[in-house]
Amino acid sequence: MPWSHARIPDQSGRIALVTGASRGIGLETARVLASRGAHVILACRSTERAREAASSIGGSTRAVRLDLASLESVRRAADEVRRRYGRLDLLVNNAGVMLPPYRRTADGFEVHFGVNHLGHFALTGLLLDLLTVAPGSRIVTVASLAHRAGPGGFDTKRARSATGWRSVAAYGRSKLANLLFARALQRRLAAAGTETVSLAAHPGLSTTGLWHGDLPALLRPMASAGLRWLAQPVDAAALPSLRAATDPAVPGGTYLGPAQLFESRGSPVPARSSRVSRDVAAQERLWELSEELTGVRYGFGPGSGDGPVVGGCPVTGVGG
Ligand SMILES: NC(=O)c1ccc[n+]([C@@H]2O[C@H](COP(=O)([O-])OP(=O)(O)OC[C@H]3O[C@@H](n4cnc5c(N)ncnc54)[C@H](OP(=O)(O)O)[C@@H]3O)[C@@H](O)[C@H]2O)c1
């Protein structure tokens, strides 16, 4: 039987944080988790939009300001979550930008790489100790079919430079980074013996704001025509994230996406991914670069067996 909303288990007592919950797939993910009883932290760059989202969702929610284009904002958001909560059961790294004109984040990173990957890398690292103390906690990172359009070759120069920049390749590279990160993280969590798992998901195609806001005018008619045939409604597009977040039968390291029409729509199943996304050496190179660029060090290696260390202090209470 295809996996659907009806299969989402009761989430009462769980604390979830969803990035980019102001609209689109993030809002839908937050809405469903709250409707199943989770307390949901809506981490959004606009507090006003987060509050509007919270009142449209109902249930138990809290708005937290998070601008992934600023590492300072990421640190402040993580501090706020840490002050208010002793643990986190679920982190959904969902927020994203697609094809804006070239611009840099507050820290000087190319915007796709900075927001879609580095911001989430930093946030996850800063919240890791809250996650590892929560039994059965999950980290879900939202990637895309577009990861296949992402050339590898991550380095300090490409992380910032406008030279040779192409928006489609930059978006693809950031989504490839999401997958490489989710897999490297899972390897580390497993090696450290934690119960926390890392998974990835992609929504297929859905006509959200992603296709309207930043898309170059030339691409818009093409996108609308293609989407009319291939896209699925946002409630279906959120299902891969929701399954990764809540289905205990799906193990860490799994990448979920829609089953039909070249993975553009349908119920969530294990998805295919490019060879480079499965390349352990590429995952490790990106990990090192991300630690260097963000200054957030997770403190545990890919197979060291060491427990995670945050801010120089070993995390206690790690299960497993
Ligand atoms: N829709 C699709 O067809 C599709 C396909 C493949 C993958 N995806 C992935 O799905 C995820 C959700 O996309 P969506 O379709 O729901 O797009 P969306 O409707 O455009 O929503 C994007 C969300 O990300 C937030 N965001 C953007 N920049 C941010 C920043 N600097 N800091 C914090 N939040 C920021 C937006 O907040 P604001 O409201 O403040 O702008 C919004 O809440 C993304 O990771 C995207 O790459 C989508």
# chains A, B, ... in the order shown; residues from 1 in each chain; ligands from 1
$ residues_near_ligand --ligand "ligand 1" --cutoff "8 Å" --atoms "only C-alpha atoms and all ligand atoms" --output "PyMOL selection string"
chain A and resi 19-27+43-46+49+66-70+93-98+115-116+142-146+175+202-213+231+234+237
$ select_by_dssp --residues "stretch 142-226 of chain A" --states "alpha helix (DSSP H)" --output "number ranges by chain"
A: 156-160, 167-191, 220-226
$ write_last_selection --atoms "N, CA and C atoms" --output "compact mmCIF listing (two decimals), in the first residue's frame"
# COMPACT_ATOMS: atom_id res chain seq x y z
N THR A 156 36.94 26.54 -1.61
CA THR A 156 36.76 27.86 -1.00
C THR A 156 36.43 28.92 -2.04
N LYS A 157 37.10 28.80 -3.22
CA LYS A 157 36.90 29.82 -4.24
C LYS A 157 35.46 29.77 -4.77
N ARG A 158 35.02 28.54 -5.15
CA ARG A 158 33.65 28.41 -5.68
C ARG A 158 32.60 28.78 -4.64
N ALA A 159 32.94 28.62 -3.38
CA ALA A 159 31.97 28.95 -2.32
C ALA A 159 31.64 30.44 -2.31
N ARG A 160 32.52 31.24 -2.93
CA ARG A 160 32.31 32.69 -2.87
C ARG A 160 32.26 33.38 -4.23
N SER A 167 23.52 30.02 -12.62
CA SER A 167 22.56 29.82 -11.53
C SER A 167 22.09 28.36 -11.43
N VAL A 168 21.84 27.70 -12.57
CA VAL A 168 21.33 26.32 -12.51
C VAL A 168 22.37 25.40 -11.88
N ALA A 169 23.62 25.57 -12.30
CA ALA A 169 24.69 24.74 -11.72
C ALA A 169 24.85 25.04 -10.23
N ALA A 170 24.69 26.32 -9.86
CA ALA A 170 24.87 26.69 -8.44
C ALA A 170 23.76 26.09 -7.58
N TYR A 171 22.52 26.11 -8.10
CA TYR A 171 21.42 25.47 -7.34
C TYR A 171 21.68 23.97 -7.24
N GLY A 172 22.01 23.36 -8.39
CA GLY A 172 22.28 21.91 -8.39
C GLY A 172 23.40 21.54 -7.43
N ARG A 173 24.45 22.36 -7.43
CA ARG A 173 25.58 22.07 -6.53
C ARG A 173 25.14 22.14 -5.06
N SER A 174 24.29 23.11 -4.74
CA SER A 174 23.85 23.24 -3.35
C SER A 174 22.98 22.05 -2.94
N LYS A 175 22.20 21.52 -3.89
CA LYS A 175 21.33 20.38 -3.56
C LYS A 175 22.16 19.08 -3.51
N LEU A 176 23.21 19.01 -4.33
CA LEU A 176 24.15 17.90 -4.20
C LEU A 176 24.81 17.97 -2.82
N ALA A 177 25.16 19.17 -2.40
CA ALA A 177 25.76 19.34 -1.07
C ALA A 177 24.82 18.85 0.03
N ASN A 178 23.51 19.12 -0.13
CA ASN A 178 22.54 18.64 0.87
C ASN A 178 22.62 17.11 1.02
N LEU A 179 22.72 16.43 -0.11
CA LEU A 179 22.77 14.95 -0.07
C LEU A 179 24.09 14.44 0.49
N LEU A 180 25.19 15.05 0.04
CA LEU A 180 26.52 14.65 0.55
C LEU A 180 26.57 14.84 2.06
N PHE A 181 26.02 15.96 2.52
CA PHE A 181 26.01 16.27 3.95
C PHE A 181 25.17 15.25 4.73
N ALA A 182 23.94 14.97 4.24
CA ALA A 182 23.05 14.05 4.96
C ALA A 182 23.73 12.68 5.12
N ARG A 183 24.45 12.26 4.09
CA ARG A 183 25.08 10.93 4.15
C ARG A 183 26.32 10.93 5.05
N ALA A 184 27.12 11.98 4.94
CA ALA A 184 28.31 12.05 5.81
C ALA A 184 27.89 12.12 7.27
N LEU A 185 26.80 12.85 7.53
CA LEU A 185 26.31 12.98 8.91
C LEU A 185 25.83 11.62 9.43
N GLN A 186 25.09 10.88 8.59
CA GLN A 186 24.61 9.57 9.02
C GLN A 186 25.78 8.65 9.37
N ARG A 187 26.84 8.71 8.55
CA ARG A 187 28.00 7.84 8.82
C ARG A 187 28.61 8.20 10.18
N ARG A 188 28.69 9.50 10.45
CA ARG A 188 29.27 9.92 11.73
C ARG A 188 28.39 9.54 12.92
N LEU A 189 27.09 9.74 12.78
CA LEU A 189 26.17 9.41 13.89
C LEU A 189 26.23 7.92 14.20
N ALA A 190 26.27 7.11 13.13
CA ALA A 190 26.31 5.65 13.33
C ALA A 190 27.63 5.25 13.99
N ALA A 191 28.74 5.86 13.52
CA ALA A 191 30.05 5.50 14.07
C ALA A 191 30.15 5.90 15.54
N ARG A 220 10.42 31.41 -16.74
CA ARG A 220 9.11 31.24 -16.10
C ARG A 220 8.08 30.52 -16.96
N PRO A 221 7.90 30.93 -18.27
CA PRO A 221 6.89 30.23 -19.08
C PRO A 221 7.22 28.76 -19.25
N MET A 222 8.52 28.45 -19.41
CA MET A 222 8.94 27.06 -19.57
C MET A 222 8.61 26.26 -18.30
N ALA A 223 8.92 26.88 -17.18
CA ALA A 223 8.68 26.21 -15.91
C ALA A 223 7.19 25.97 -15.71
N SER A 224 6.35 26.99 -16.03
CA SER A 224 4.90 26.81 -15.82
C SER A 224 4.38 25.67 -16.69
N ALA A 225 4.83 25.62 -17.96
CA ALA A 225 4.33 24.58 -18.86
C ALA A 225 4.75 23.20 -18.35
N GLY A 226 6.02 23.06 -17.98
CA GLY A 226 6.52 21.77 -17.50
C GLY A 226 5.82 21.35 -16.23
$ atom_distance --atom1 "atom CA of A:Gly59" --atom2 "atom CA of A:Pro251"
28.2 Å
$ residues_around --residues "A:Arg265" --least-positions-apart "4" --cutoff "6 Å" --atoms "only C-alpha atoms" --output "compact mmCIF listing (two decimals) with all heavy atoms, in the first residue's frame"
# COMPACT_ATOMS: atom_id res chain seq x y z
N GLY A 204 10.10 15.90 -5.34
CA GLY A 204 9.68 15.85 -6.74
C GLY A 204 9.54 17.26 -7.24
O GLY A 204 10.42 18.09 -7.01
N GLN A 232 3.21 18.08 -8.49
CA GLN A 232 2.17 17.57 -7.58
C GLN A 232 1.84 18.64 -6.55
O GLN A 232 2.67 19.52 -6.27
CB GLN A 232 2.62 16.28 -6.92
CG GLN A 232 3.92 16.35 -6.13
CD GLN A 232 4.27 14.98 -5.54
OE1 GLN A 232 3.46 14.05 -5.57
NE2 GLN A 232 5.46 14.85 -4.99
N PRO A 258 9.43 10.93 -4.58
CA PRO A 258 8.20 10.38 -5.15
C PRO A 258 8.47 9.22 -6.11
O PRO A 258 9.50 9.18 -6.78
CB PRO A 258 7.60 11.57 -5.91
CG PRO A 258 8.31 12.77 -5.42
CD PRO A 258 9.66 12.33 -4.99
N GLN A 260 6.70 8.17 -8.89
CA GLN A 260 6.27 8.12 -10.30
C GLN A 260 6.84 9.24 -11.16
O GLN A 260 7.35 10.22 -10.65
CB GLN A 260 4.74 8.20 -10.35
CG GLN A 260 4.05 6.95 -9.82
CD GLN A 260 2.69 7.27 -9.22
OE1 GLN A 260 2.12 8.32 -9.49
NE2 GLN A 260 2.19 6.37 -8.40
$ select_by_dssp --residues "stretch 43-219 of chain A" --states "strand (DSSP E)" --output "JSON, numbers by chain"
{"A": [43, 44, 61, 62, 63, 64, 65, 90, 91, 92, 93, 138, 139, 140, 141, 142, 197, 198, 199, 200, 201]}
$ closest_residue --among "A:His147, A:Gly257, A:Thr196, A:Pro233" --to "A:Val276" --atoms "only C-alpha atoms"
A:His147
$ closest_atom_pairs --of "stretch 125-171 of chain A" --to "stretch 284-305 of chain A" --cutoff "8 Å" --atoms "only C-alpha atoms" --output "tab-separated table"
residue	atom	partner	partner_atom	distance
A:Gly125	CA	A:Tyr298	CA	5.7
A:Leu126	CA	A:Val296	CA	7.2
A:Phe154	CA	A:Leu286	CA	6.4
A:Asp155	CA	A:Leu289	CA	6.9
A:Thr156	CA	A:Leu289	CA	7.3
$ write_last_selection --atoms "C-alpha atoms" --output "mmCIF file, in the first residue's frame"
data_model
loop_
_atom_site.group_PDB
_atom_site.id
_atom_site.type_symbol
_atom_site.label_atom_id
_atom_site.label_comp_id
_atom_site.auth_asym_id
_atom_site.auth_seq_id
_atom_site.Cartn_x
_atom_site.Cartn_y
_atom_site.Cartn_z
ATOM 1 C CA GLY A 125 26.011 21.218 14.202
ATOM 2 C CA LEU A 126 24.911 23.822 16.729
ATOM 3 C CA PHE A 154 33.510 22.177 -3.845
ATOM 4 C CA ASP A 155 36.244 24.576 -2.784
ATOM 5 C CA THR A 156 36.760 27.861 -0.996
#
$ closest_residue --among "A:Leu88, A:Glu52, A:Leu130, A:Trp3" --to "A:Pro270" --atoms "only C-alpha atoms"
A:Trp3
$ residues_around --residues "A:Ala78" --least-positions-apart "5" --cutoff "9 Å" --atoms "only C-alpha atoms" --output "ChimeraX atom specification"
/A:66,73,83,123-124,126-127
$ atom_distance --atom1 "atom CA of A:Glu28" --atom2 "atom CA of A:Arg82"
24.7 Å
$ residues_around --residues "stretch 244-248 of chain A" --least-positions-apart "3" --cutoff "8 Å" --atoms "only C-alpha atoms" --output "list in words"
Ile8, Pro9, Leu90, Val92, Arg138, Ile139, Val140, Leu199, Ala200, Ala201, Pro240, Ser241, Pro251, Thr254 and Leu256 of chain A
$ residues_around --residues "A:Gln11" --least-positions-apart "2" --cutoff "7 Å" --atoms "only C-alpha atoms" --output "list of chain:residue names"
A:Pro9, A:Gly13, A:Arg14, A:Leu33, A:Arg36, A:Gly37, A:Ala38
$ write_last_selection --atoms "all heavy atoms" --output "CSV table (one decimal), in the first residue's frame"
chain,number,residue,atom,x,y,z
A,9,PRO,N,2.6,8.4,12.1
A,9,PRO,CA,2.2,8.1,13.5
A,9,PRO,C,2.0,9.3,14.4
A,9,PRO,O,2.4,10.4,14.0
A,9,PRO,CB,3.5,7.3,14.0
A,9,PRO,CG,4.5,7.4,12.9
A,9,PRO,CD,4.0,8.1,11.8
A,13,GLY,N,4.3,14.8,22.1
A,13,GLY,CA,5.4,14.8,22.9
A,13,GLY,C,6.7,15.1,22.2
A,13,GLY,O,7.8,15.2,22.8
A,14,ARG,N,6.7,15.1,20.8
A,14,ARG,CA,7.9,15.3,20.1
A,14,ARG,C,8.1,16.8,19.8
A,14,ARG,O,7.1,17.6,19.6
A,14,ARG,CB,7.9,14.6,18.7
A,14,ARG,CG,7.9,13.1,18.9
A,14,ARG,CD,8.1,12.4,17.6
A,14,ARG,NE,9.5,12.1,17.3
A,14,ARG,CZ,10.0,11.8,16.2
A,14,ARG,NH1,9.3,11.8,15.1
A,14,ARG,NH2,11.3,11.5,16.0
A,33,LEU,N,2.9,18.0,11.0
A,33,LEU,CA,3.5,17.5,12.2
A,33,LEU,C,2.7,18.1,13.4
A,33,LEU,O,2.5,17.4,14.4
A,33,LEU,CB,5.0,18.0,12.3
A,33,LEU,CG,6.0,17.3,11.3
A,33,LEU,CD1,7.3,18.0,11.3
A,33,LEU,CD2,6.1,15.8,11.7
A,36,ARG,N,-0.4,16.3,14.0
A,36,ARG,CA,-0.3,15.0,14.6
A,36,ARG,C,0.2,15.1,16.1
A,36,ARG,O,0.6,14.1,16.7
A,36,ARG,CB,0.7,14.1,13.8
A,36,ARG,CG,0.3,13.7,12.5
A,36,ARG,CD,-0.9,12.8,12.5
A,36,ARG,NE,-1.2,12.2,11.2
A,36,ARG,CZ,-1.8,12.8,10.2
A,36,ARG,NH1,-2.3,14.0,10.4
A,36,ARG,NH2,-2.0,12.2,9.1
A,37,GLY,N,0.3,16.3,16.6
A,37,GLY,CA,0.6,16.4,18.0
A,37,GLY,C,1.9,16.9,18.4
A,37,GLY,O,2.3,17.1,19.6
A,38,ALA,N,2.8,17.1,17.4
A,38,ALA,CA,4.2,17.6,17.7
A,38,ALA,C,4.1,19.1,18.1
A,38,ALA,O,3.2,19.8,17.6
A,38,ALA,CB,5.1,17.4,16.5
$ closest_residue --among "A:Ala106, A:Ala53, A:Leu261, A:Leu242" --to "A:Gly119" --atoms "only C-alpha atoms"
A:Ala106
